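**Student:** Dropping in work.pdb, with PDB, N, CA and C atoms.
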ATOM      1  N   MET G 449     235.687 163.844 146.191
ATOM      2  CA  MET G 449     234.881 162.799 145.560
ATOM      3  C   MET G 449     235.770 161.587 145.275
ATOM      4  N   PRO G 450     235.317 160.369 145.580
ATOM      5  CA  PRO G 450     236.134 159.176 145.367
ATOM      6  C   PRO G 450     236.397 158.927 143.880
ATOM      7  N   GLU G 451     237.422 158.120 143.593
ATOM      8  CA  GLU G 451     237.792 157.785 142.215
ATOM      9  C   GLU G 451     236.604 157.245 141.419
ATOM     10  N   ASN G 452     235.995 156.171 141.915
ATOM     11  CA  ASN G 452     234.862 155.543 141.238
ATOM     12  C   ASN G 452     233.653 155.566 142.168
ATOM     13  N   PRO G 453     232.859 156.640 142.111
ATOM     14  CA  PRO G 453     231.706 156.705 143.013
ATOM     15  C   PRO G 453     230.683 155.626 142.672
ATOM     16  N   ILE G 454     229.959 155.193 143.689
ATOM     17  CA  ILE G 454     228.925 154.177 143.497
ATOM     18  C   ILE G 454     227.752 154.825 142.780
ATOM     19  N   ARG G 455     227.252 154.176 141.758
ATOM     20  CA  ARG G 455     226.109 154.703 141.007
ATOM     21  C   ARG G 455     224.831 154.290 141.713
ATOM     22  N   ARG G 456     224.151 155.256 142.303
ATOM     23  CA  ARG G 456     222.931 154.971 143.040
ATOM     24  C   ARG G 456     221.727 155.594 142.348
ATOM     25  N   THR G 457     220.597 154.952 142.492
ATOM     26  CA  THR G 457     219.373 155.515 141.929
ATOM     27  C   THR G 457     218.485 156.105 143.015
ATOM     28  N   ILE G 458     218.747 155.748 144.292
ATOM     29  CA  ILE G 458     217.966 156.304 145.396
ATOM     30  C   ILE G 458     218.890 156.696 146.532
ATOM     31  N   GLY G 459     218.376 157.512 147.440
ATOM     32  CA  GLY G 459     219.156 157.887 148.620
ATOM     33  C   GLY G 459     220.245 158.887 148.317
ATOM     34  N   LYS G 460     221.195 159.014 149.242
ATOM     35  CA  LYS G 460     222.288 159.950 149.081
ATOM     36  C   LYS G 460     223.113 159.576 147.851
ATOM     37  N   GLY G 461     223.358 160.552 147.008
ATOM     38  CA  GLY G 461     224.120 160.281 145.785
ATOM     39  C   GLY G 461     223.269 159.642 144.708
ATOM     40  N   GLY G 462     221.954 159.759 144.801
ATOM     41  CA  GLY G 462     221.055 159.180 143.802
ATOM     42  C   GLY G 462     221.021 160.027 142.552
ATOM     43  N   ASN G 463     222.075 159.956 141.762
ATOM     44  CA  ASN G 463     222.205 160.810 140.586
ATOM     45  C   ASN G 463     221.800 160.129 139.286
ATOM     46  N   TYR G 464     221.304 158.916 139.375
ATOM     47  CA  TYR G 464     220.921 158.170 138.184
ATOM     48  C   TYR G 464     219.456 157.772 138.265
ATOM     49  N   ARG G 465     218.785 157.802 137.131
ATOM     50  CA  ARG G 465     217.382 157.399 137.077
ATOM     51  C   ARG G 465     217.271 155.886 137.164
ATOM     52  N   LYS G 466     216.192 155.442 137.768
ATOM     53  CA  LYS G 466     215.905 154.006 137.757
ATOM     54  C   LYS G 466     215.588 153.615 136.324
ATOM     55  N   THR G 467     215.768 152.354 136.014
ATOM     56  CA  THR G 467     215.521 151.885 134.654
ATOM     57  C   THR G 467     214.088 152.175 134.224
ATOM     58  N   LYS G 468     213.147 151.949 135.119
ATOM     59  CA  LYS G 468     211.738 152.143 134.751
ATOM     60  C   LYS G 468     211.411 153.598 134.441
ATOM     61  N   SER G 469     212.200 154.540 134.966
ATOM     62  CA  SER G 469     211.925 155.951 134.683
ATOM     63  C   SER G 469     212.829 156.489 133.576
ATOM     64  N   GLY G 470     213.456 155.601 132.821
ATOM     65  CA  GLY G 470     214.180 156.015 131.631
ATOM     66  C   GLY G 470     215.686 155.978 131.699
ATOM     67  N   ALA G 471     216.264 155.413 132.762
ATOM     68  CA  ALA G 471     217.726 155.312 132.905
ATOM     69  C   ALA G 471     218.386 156.683 132.755
ATOM     70  N   GLY G 472     219.690 156.745 132.633
ATOM     71  CA  GLY G 472     220.393 158.014 132.467
ATOM     72  C   GLY G 472     220.551 158.781 133.767
ATOM     73  N   MET G 473     221.128 159.965 133.668
ATOM     74  CA  MET G 473     221.391 160.793 134.844
ATOM     75  C   MET G 473     220.233 161.753 135.115
ATOM     76  N   THR G 474     220.057 162.070 136.392
ATOM     77  CA  THR G 474     219.053 163.055 136.779
ATOM     78  C   THR G 474     219.635 164.450 136.608
ATOM     79  N   ARG G 475     218.791 165.473 136.673
ATOM     80  CA  ARG G 475     219.255 166.849 136.587
ATOM     81  C   ARG G 475     220.242 167.138 137.720
ATOM     82  N   LYS G 476     219.917 166.632 138.911
ATOM     83  CA  LYS G 476     220.792 166.781 140.079
ATOM     84  C   LYS G 476     222.136 166.099 139.830
ATOM     85  N   GLY G 477     222.106 164.931 139.212
ATOM     86  CA  GLY G 477     223.319 164.195 138.919
ATOM     87  C   GLY G 477     224.216 164.921 137.927
ATOM     88  N   VAL G 478     223.604 165.527 136.913
ATOM     89  CA  VAL G 478     224.368 166.286 135.927
ATOM     90  C   VAL G 478     225.024 167.491 136.599
ATOM     91  N   ALA G 479     224.276 168.166 137.482
ATOM     92  CA  ALA G 479     224.828 169.319 138.206
ATOM     93  C   ALA G 479     226.011 168.888 139.080
ATOM     94  N   ALA G 480     225.886 167.745 139.758
ATOM     95  CA  ALA G 480     226.957 167.238 140.606
ATOM     96  C   ALA G 480     228.185 166.888 139.766
ATOM     97  N   TYR G 481     227.972 166.278 138.620
ATOM     98  CA  TYR G 481     229.077 165.918 137.731
ATOM     99  C   TYR G 481     229.799 167.173 137.242
ATOM    100  N   ARG G 482     229.027 168.192 136.887
ATOM    101  CA  ARG G 482     229.631 169.425 136.373
ATOM    102  C   ARG G 482     230.404 170.165 137.456
ATOM    103  N   ARG G 483     229.938 170.068 138.710
ATOM    104  CA  ARG G 483     230.686 170.666 139.821
ATOM    105  C   ARG G 483     232.014 169.946 140.023
ATOM    106  N   ALA G 484     231.972 168.625 139.910
ATOM    107  CA  ALA G 484     233.174 167.815 140.116
ATOM    108  C   ALA G 484     234.140 167.895 138.927
ATOM    109  N   ASN G 485     233.630 168.255 137.758
ATOM    110  CA  ASN G 485     234.440 168.327 136.542
ATOM    111  C   ASN G 485     234.249 169.679 135.863
ATOM    112  N   PRO G 486     234.901 170.717 136.367
ATOM    113  CA  PRO G 486     234.729 172.059 135.790
ATOM    114  C   PRO G 486     235.053 172.060 134.296
ATOM    115  N   GLY G 487     234.267 172.800 133.542
ATOM    116  CA  GLY G 487     234.465 172.861 132.096
ATOM    117  C   GLY G 487     233.699 171.792 131.342
ATOM    118  N   SER G 488     233.033 170.907 132.073
ATOM    119  CA  SER G 488     232.260 169.847 131.431
ATOM    120  C   SER G 488     231.054 170.431 130.694
ATOM    121  N   LYS G 489     230.697 169.813 129.591
ATOM    122  CA  LYS G 489     229.539 170.262 128.814
ATOM    123  C   LYS G 489     228.396 169.249 128.888
ATOM    124  N   LEU G 490     228.434 168.380 129.898
ATOM    125  CA  LEU G 490     227.398 167.367 130.050
ATOM    126  C   LEU G 490     226.030 168.017 130.226
ATOM    127  N   LYS G 491     225.033 167.493 129.533
ATOM    128  CA  LYS G 491     223.667 168.014 129.617
ATOM    129  C   LYS G 491     222.705 166.859 129.838
ATOM    130  N   THR G 492     221.482 167.195 130.247
ATOM    131  CA  THR G 492     220.467 166.164 130.448
ATOM    132  C   THR G 492     219.880 165.753 129.095
ATOM    133  N   ALA G 493     219.074 164.717 129.100
ATOM    134  CA  ALA G 493     218.484 164.181 127.873
ATOM    135  C   ALA G 493     217.533 165.180 127.223
ATOM    136  N   VAL G 494     217.440 165.087 125.904
ATOM    137  CA  VAL G 494     216.480 165.883 125.145
ATOM    138  C   VAL G 494     215.198 165.053 125.097
ATOM    139  N   THR G 495     214.221 165.424 125.901
ATOM    140  CA  THR G 495     213.019 164.601 126.004
ATOM    141  C   THR G 495     211.774 165.276 125.447
ATOM    142  N   GLY G 496     211.811 166.569 125.263
ATOM    143  CA  GLY G 496     210.621 167.297 124.800
ATOM    144  C   GLY G 496     210.544 167.371 123.291
ATOM    145  N   LYS G 497     209.574 168.149 122.834
ATOM    146  CA  LYS G 497     209.393 168.361 121.413
ATOM    147  C   LYS G 497     210.429 169.393 120.951
ATOM    148  N   VAL G 498     211.067 169.139 119.819
ATOM    149  CA  VAL G 498     212.099 170.042 119.324
ATOM    150  C   VAL G 498     211.821 170.415 117.873
ATOM    151  N   LYS G 499     212.324 171.593 117.495
ATOM    152  CA  LYS G 499     212.196 172.027 116.106
ATOM    153  C   LYS G 499     213.231 171.291 115.259
ATOM    154  N   PRO G 500     212.849 170.830 114.075
ATOM    155  CA  PRO G 500     213.812 170.142 113.209
ATOM    156  C   PRO G 500     215.003 171.048 112.902
ATOM    157  N   GLY G 501     216.205 170.502 113.008
ATOM    158  CA  GLY G 501     217.410 171.262 112.712
ATOM    159  C   GLY G 501     217.953 172.083 113.876
ATOM    160  N   SER G 502     217.231 172.117 115.001
ATOM    161  CA  SER G 502     217.696 172.879 116.161
ATOM    162  C   SER G 502     218.858 172.148 116.834
ATOM    163  N   LYS G 503     219.551 172.832 117.765
ATOM    164  CA  LYS G 503     220.658 172.200 118.480
ATOM    165  C   LYS G 503     220.182 170.960 119.221
ATOM    166  N   ALA G 504     219.007 171.064 119.851
ATOM    167  CA  ALA G 504     218.469 169.927 120.608
ATOM    168  C   ALA G 504     218.167 168.752 119.679
ATOM    169  N   ALA G 505     217.625 169.058 118.488
ATOM    170  CA  ALA G 505     217.315 167.991 117.529
ATOM    171  C   ALA G 505     218.593 167.296 117.065
ATOM    172  N   LYS G 506     219.658 168.074 116.899
ATOM    173  CA  LYS G 506     220.938 167.494 116.474
ATOM    174  C   LYS G 506     221.541 166.643 117.589
ATOM    175  N   ARG G 507     221.405 167.102 118.852
ATOM    176  CA  ARG G 507     221.886 166.303 119.987
ATOM    177  C   ARG G 507     221.152 164.986 120.061
ATOM    178  N   ARG G 508     219.821 165.035 119.868
ATOM    179  CA  ARG G 508     219.019 163.813 119.901
ATOM    180  C   ARG G 508     219.451 162.863 118.796
ATOM    181  N   LYS G 509     219.599 163.379 117.598
ATOM    182  CA  LYS G 509     219.986 162.541 116.461
ATOM    183  C   LYS G 509     221.344 161.880 116.721
ATOM    184  N   SER G 510     222.277 162.648 117.270
ATOM    185  CA  SER G 510     223.607 162.143 117.576
ATOM    186  C   SER G 510     223.550 161.057 118.650
ATOM    187  N   TYR G 511     222.806 161.320 119.728
ATOM    188  CA  TYR G 511     222.693 160.323 120.803
ATOM    189  C   TYR G 511     222.057 159.044 120.276
ATOM    190  N   CYS G 512     220.997 159.192 119.494
ATOM    191  CA  CYS G 512     220.290 158.015 118.990
ATOM    192  C   CYS G 512     221.192 157.161 118.102
ATOM    193  N   ALA G 513     222.011 157.806 117.281
ATOM    194  CA  ALA G 513     222.935 157.065 116.425
ATOM    195  C   ALA G 513     223.980 156.338 117.276
ATOM    196  N   ARG G 514     224.521 157.038 118.282
ATOM    197  CA  ARG G 514     225.532 156.444 119.167
ATOM    198  C   ARG G 514     224.957 155.280 119.959
ATOM    199  N   SER G 515     223.767 155.486 120.511
ATOM    200  CA  SER G 515     223.183 154.445 121.356
ATOM    201  C   SER G 515     222.726 153.244 120.534
ATOM    202  N   LEU G 516     222.380 153.460 119.269
ATOM    203  CA  LEU G 516     222.023 152.327 118.415
ATOM    204  C   LEU G 516     223.240 151.432 118.227
ATOM    205  N   GLY G 517     224.414 152.042 118.076
ATOM    206  CA  GLY G 517     225.651 151.266 117.981
ATOM    207  C   GLY G 517     225.901 150.471 119.249
ATOM    208  N   GLN G 518     225.643 151.081 120.418
ATOM    209  CA  GLN G 518     225.810 150.376 121.684
ATOM    210  C   GLN G 518     224.842 149.210 121.767
ATOM    211  N   LEU G 519     223.606 149.448 121.330
ATOM    212  CA  LEU G 519     222.574 148.415 121.386
ATOM    213  C   LEU G 519     222.933 147.240 120.484
ATOM    214  N   LYS G 520     223.428 147.532 119.303
ATOM    215  CA  LYS G 520     223.797 146.473 118.358
ATOM    216  C   LYS G 520     224.940 145.614 118.890
ATOM    217  N   ARG G 521     225.833 146.227 119.678
ATOM    218  CA  ARG G 521     226.994 145.505 120.173
ATOM    219  C   ARG G 521     226.768 144.853 121.533
ATOM    220  N   SER G 522     225.572 145.019 122.069
ATOM    221  CA  SER G 522     225.266 144.408 123.370
ATOM    222  C   SER G 522     224.834 142.956 123.170
ATOM    223  N   SER G 523     224.683 142.250 124.282
ATOM    224  CA  SER G 523     224.294 140.839 124.208
ATOM    225  C   SER G 523     222.864 140.711 123.696
ATOM    226  N   ALA G 524     222.530 139.538 123.199
ATOM    227  CA  ALA G 524     221.182 139.292 122.688
ATOM    228  C   ALA G 524     220.158 139.484 123.797
ATOM    229  N   LYS G 525     220.533 139.117 125.017
ATOM    230  CA  LYS G 525     219.625 139.270 126.150
ATOM    231  C   LYS G 525     219.271 140.748 126.355
ATOM    232  N   THR G 526     220.262 141.614 126.298
ATOM    233  CA  THR G 526     220.045 143.051 126.464
ATOM    234  C   THR G 526     219.297 143.623 125.271
ATOM    235  N   ARG G 527     219.702 143.227 124.075
ATOM    236  CA  ARG G 527     219.069 143.735 122.847
ATOM    237  C   ARG G 527     217.582 143.465 122.819
ATOM    238  N   ASN G 528     217.193 142.285 123.280
ATOM    239  CA  ASN G 528     215.797 141.878 123.169
ATOM    240  C   ASN G 528     214.972 142.164 124.408
ATOM    241  N   ASN G 529     215.603 142.698 125.444
ATOM    242  CA  ASN G 529     214.891 143.013 126.678
ATOM    243  C   ASN G 529     214.362 144.445 126.608
ATOM    244  N   PRO G 530     213.046 144.633 126.542
ATOM    245  CA  PRO G 530     212.515 145.995 126.446
ATOM    246  C   PRO G 530     212.774 146.831 127.696
ATOM    247  N   ASN G 531     213.170 146.209 128.798
ATOM    248  CA  ASN G 531     213.418 146.949 130.032
ATOM    249  C   ASN G 531     214.904 147.137 130.340
ATOM    250  N   SER G 532     215.780 146.849 129.367
ATOM    251  CA  SER G 532     217.207 147.059 129.602
ATOM    252  C   SER G 532     217.477 148.565 129.680
ATOM    253  N   ARG G 533     218.556 148.948 130.363
ATOM    254  CA  ARG G 533     218.866 150.367 130.557
ATOM    255  C   ARG G 533     219.043 151.105 129.234
ATOM    256  N   ILE G 534     219.699 150.481 128.269
ATOM    257  CA  ILE G 534     219.930 151.160 126.993
ATOM    258  C   ILE G 534     218.610 151.385 126.256
ATOM    259  N   ARG G 535     217.725 150.411 126.287
ATOM    260  CA  ARG G 535     216.420 150.574 125.619
ATOM    261  C   ARG G 535     215.567 151.640 126.308
ATOM    262  N   GLN G 536     215.587 151.635 127.635
ATOM    263  CA  GLN G 536     214.803 152.630 128.372
ATOM    264  C   GLN G 536     215.341 154.036 128.103
ATOM    265  N   ALA G 537     216.654 154.170 128.051
ATOM    266  CA  ALA G 537     217.251 155.476 127.768
ATOM    267  C   ALA G 537     216.877 155.933 126.358
ATOM    268  N   ARG G 538     216.933 155.012 125.393
ATOM    269  CA  ARG G 538     216.547 155.369 124.018
ATOM    270  C   ARG G 538     215.078 155.765 123.942
ATOM    271  N   ARG G 539     214.254 155.104 124.712
ATOM    272  CA  ARG G 539     212.839 155.455 124.748
ATOM    273  C   ARG G 539     212.655 156.860 125.332
ATOM    274  N   ARG G 540     213.415 157.162 126.384
ATOM    275  CA  ARG G 540     213.322 158.472 127.025
ATOM    276  C   ARG G 540     213.777 159.582 126.073
ATOM    277  N   TRP G 541     214.801 159.312 125.292
ATOM    278  CA  TRP G 541     215.292 160.288 124.323
ATOM    279  C   TRP G 541     214.403 160.354 123.079
ATOM    280  N   LYS G 542     213.415 159.473 123.002
ATOM    281  CA  LYS G 542     212.497 159.380 121.857
ATOM    282  C   LYS G 542     213.237 159.022 120.568
ATOM    283  N   CYS G 543     214.103 158.037 120.665
ATOM    284  CA  CYS G 543     214.819 157.543 119.487
ATOM    285  C   CYS G 543     213.895 156.645 118.676
ATOM    286  N   ALA G 544     213.991 156.753 117.369
ATOM    287  CA  ALA G 544     213.181 155.912 116.493
ATOM    288  C   ALA G 544     213.732 154.491 116.486
ATOM    289  N   SER G 545     212.983 153.584 115.971
ATOM    290  CA  SER G 545     213.337 152.165 115.816
ATOM    291  C   SER G 545     213.803 151.541 117.124
ATOM    292  N   GLY G 546     212.958 151.607 118.112
ATOM    293  CA  GLY G 546     213.273 150.986 119.389
ATOM    294  C   GLY G 546     212.851 149.535 119.443
ATOM    295  N   GLY G 547     212.374 148.991 118.315
ATOM    296  CA  GLY G 547     211.892 147.611 118.291
ATOM    297  C   GLY G 547     213.005 146.595 118.327
ATOM    298  N   ARG G 548     212.644 145.340 118.248
ATOM    299  CA  ARG G 548     213.633 144.265 118.269
ATOM    300  C   ARG G 548     214.368 144.218 116.938
ATOM    301  N   PHE G 549     215.615 143.785 116.998
ATOM    302  CA  PHE G 549     216.417 143.664 115.796
ATOM    303  C   PHE G 549     216.467 142.209 115.385
ATOM    304  N   PRO G 550     216.303 141.932 114.095
ATOM    305  CA  PRO G 550     216.422 140.540 113.651
ATOM    306  C   PRO G 550     217.860 140.063 113.803
ATOM    307  N   GLU G 551     218.012 138.836 114.227
ATOM    308  CA  GLU G 551     219.349 138.268 114.445
ATOM    309  C   GLU G 551     220.162 138.244 113.152
ATOM    310  N   THR G 552     219.491 138.138 111.990
ATOM    311  CA  THR G 552     220.222 138.102 110.726
ATOM    312  C   THR G 552     220.991 139.402 110.510
ATOM    313  N   LEU G 553     220.473 140.504 110.990
ATOM    314  CA  LEU G 553     221.149 141.798 110.876
ATOM    315  C   LEU G 553     222.477 141.767 111.609
ATOM    316  N   PHE G 554     222.508 141.161 112.776
ATOM    317  CA  PHE G 554     223.730 141.121 113.561
ATOM    318  C   PHE G 554     224.757 140.162 112.973
ATOM    319  N   ARG G 555     224.306 139.128 112.306
ATOM    320  CA  ARG G 555     225.243 138.219 111.660
ATOM    321  C   ARG G 555     225.949 138.943 110.509
ATOM    322  N   GLN G 556     225.219 139.845 109.825
ATOM    323  CA  GLN G 556     225.794 140.598 108.716
ATOM    324  C   GLN G 556     226.823 141.597 109.224
ATOM    325  N   LEU G 557     226.646 142.138 110.433
ATOM    326  CA  LEU G 557     227.550 143.143 110.974
ATOM    327  C   LEU G 557     228.885 142.550 111.397
ATOM    328  N   ASP G 558     228.926 141.296 111.729
ATOM    329  CA  ASP G 558     230.162 140.669 112.224
ATOM    330  C   ASP G 558     231.209 140.518 111.162
TER     331      ASP G 558
END
Show me, as structure tokens, the structure contained in the file I just sent.

**Tutor:**
Amino acid sequence: MPENPIRRTIGKGGNYRKTKSGAGMTRKGVAAYRRANPGSKLKTAVTGKVKPGSKAAKRRKSYCARSLGQLKRSSAKTRNNPNSRIRQARRRWKCASGGRFPETLFRQLD
């Protein structure tokens, strides 16, 4: 496998979801990554209904917190674009507060 493989959404090596279908890696892509990196614990997104306090619920909560930080630190164009990859991924993971952020919030964070 090459050092930096090309990230494709279709065709050979299509291991990533298109933005419209929720961004992130496909099940096939996760399997390919785990084959290339033995011992990896990479898993697919938690998209279904989960019991509160379960491992899946904790993974979702953790991802949502991490991705919110990424969203806050992205450009205003990305933050406010409902079709950006980070927003689509958060929607797929069913993260709360996927709405627009007021600019005053970001001025306070700086």

**Student:** Could you expand the PyMOL selection byres (((chain G and resi 540 and name CA) around 9) and name CA) into the explicit residues it covers here, written as a PyMOL selection string?

**Tutor:** chain G and resi 469-472+493-495+535-539+541-543

**Student:** Write a file of the just-selected residues containing N, CA and C atoms, as a JSON list (two decimals), in the frame of the given file.

**Tutor:**
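Below is the file out-v4.json, written as the result:
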[["chain", "number", "residue", "atom", "x", "y", "z"],
["G", 469, "SER", "N", 212.20, 154.54, 134.97],
["G", 469, "SER", "CA", 211.92, 155.95, 134.68],
["G", 469, "SER", "C", 212.83, 156.49, 133.58],
["G", 470, "GLY", "N", 213.46, 155.60, 132.82],
["G", 470, "GLY", "CA", 214.18, 156.01, 131.63],
["G", 470, "GLY", "C", 215.69, 155.98, 131.70],
["G", 471, "ALA", "N", 216.26, 155.41, 132.76],
["G", 471, "ALA", "CA", 217.73, 155.31, 132.90],
["G", 471, "ALA", "C", 218.39, 156.68, 132.76],
["G", 472, "GLY", "N", 219.69, 156.74, 132.63],
["G", 472, "GLY", "CA", 220.39, 158.01, 132.47],
["G", 472, "GLY", "C", 220.55, 158.78, 133.77],
["G", 493, "ALA", "N", 219.07, 164.72, 129.10],
["G", 493, "ALA", "CA", 218.48, 164.18, 127.87],
["G", 493, "ALA", "C", 217.53, 165.18, 127.22],
["G", 494, "VAL", "N", 217.44, 165.09, 125.90],
["G", 494, "VAL", "CA", 216.48, 165.88, 125.14],
["G", 494, "VAL", "C", 215.20, 165.05, 125.10],
["G", 495, "THR", "N", 214.22, 165.42, 125.90],
["G", 495, "THR", "CA", 213.02, 164.60, 126.00],
["G", 495, "THR", "C", 211.77, 165.28, 125.45],
["G", 535, "ARG", "N", 217.72, 150.41, 126.29],
["G", 535, "ARG", "CA", 216.42, 150.57, 125.62],
["G", 535, "ARG", "C", 215.57, 151.64, 126.31],
["G", 536, "GLN", "N", 215.59, 151.64, 127.64],
["G", 536, "GLN", "CA", 214.80, 152.63, 128.37],
["G", 536, "GLN", "C", 215.34, 154.04, 128.10],
["G", 537, "ALA", "N", 216.65, 154.17, 128.05],
["G", 537, "ALA", "CA", 217.25, 155.48, 127.77],
["G", 537, "ALA", "C", 216.88, 155.93, 126.36],
["G", 538, "ARG", "N", 216.93, 155.01, 125.39],
["G", 538, "ARG", "CA", 216.55, 155.37, 124.02],
["G", 538, "ARG", "C", 215.08, 155.76, 123.94],
["G", 539, "ARG", "N", 214.25, 155.10, 124.71],
["G", 539, "ARG", "CA", 212.84, 155.46, 124.75],
["G", 539, "ARG", "C", 212.66, 156.86, 125.33],
["G", 541, "TRP", "N", 214.80, 159.31, 125.29],
["G", 541, "TRP", "CA", 215.29, 160.29, 124.32],
["G", 541, "TRP", "C", 214.40, 160.35, 123.08],
["G", 542, "LYS", "N", 213.42, 159.47, 123.00],
["G", 542, "LYS", "CA", 212.50, 159.38, 121.86],
["G", 542, "LYS", "C", 213.24, 159.02, 120.57],
["G", 543, "CYS", "N", 214.10, 158.04, 120.66],
["G", 543, "CYS", "CA", 214.82, 157.54, 119.49],
["G", 543, "CYS", "C", 213.90, 156.65, 118.68]]

**Student:** With distances taken over all atoms listed in the file, which of G:Val478, G:Leu490, G:Ala524, G:Ala544 is nearest to G:Asn463?

**Tutor:**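 Among the listed residues, G:Val478 lies closest to G:Asn463.
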
**Student:** To one decimal in Å, tell me the separation between atom C of G:Tyr511 and atom CA of G:Lys489.

**Tutor:** 16.0 Å

**Student:** My list of candidates is G:Arg507, G:Arg533, G:Lys499, G:Arg483. Which is closest to G:Lys466 when distances are computed with all atoms listed in the file?

**Tutor:** G:Arg533

**Student:** Quick one: pick out all alpha helix (DSSP H) residues within stretch 457-542 of chain G from a backbone DSSP run and write them as an MDAnalysis selection string.

**Tutor:** chainID G and resid 475:484 503:520 524:528 533:540

**Student:** Please compute the atom CA of G:Arg508-atom CA of G:Met473 distance, one decimal, in Å.

**Tutor:**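 Between atom CA of G:Arg508 and atom CA of G:Met473 the gap works out to 15.4 Å.
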
**Student:** Just give me the gap between atom CA of G:Ser510 and atom CA of G:Ile534 in Å, one decimal is fine.

**Tutor:**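 Between these atoms lies a distance of 14.9 Å.
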
**Student:** Write a file for stretch 471-483 of chain G, containing C-alpha atoms (output as an mmCIF file, in the first residue's frame).

**Tutor:**
data_model
loop_
_atom_site.group_PDB
_atom_site.id
_atom_site.type_symbol
_atom_site.label_atom_id
_atom_site.label_comp_id
_atom_site.auth_asym_id
_atom_site.auth_seq_id
_atom_site.Cartn_x
_atom_site.Cartn_y
_atom_site.Cartn_z
ATOM 1 C CA ALA G 471 -18.901 11.407 4.807
ATOM 2 C CA GLY G 472 -16.575 9.123 6.801
ATOM 3 C CA MET G 473 -15.286 5.669 5.919
ATOM 4 C CA THR G 474 -17.308 2.800 4.503
ATOM 5 C CA ARG G 475 -17.407 -0.634 6.139
ATOM 6 C CA LYS G 476 -15.165 -1.866 3.308
ATOM 7 C CA GLY G 477 -12.773 1.012 3.946
ATOM 8 C CA VAL G 478 -12.523 0.231 7.654
ATOM 9 C CA ALA G 479 -11.797 -3.430 6.836
ATOM 10 C CA ALA G 480 -9.073 -2.376 4.367
ATOM 11 C CA TYR G 481 -7.526 -0.025 6.933
ATOM 12 C CA ARG G 482 -7.508 -2.744 9.590
ATOM 13 C CA ARG G 483 -5.834 -5.180 7.180
#
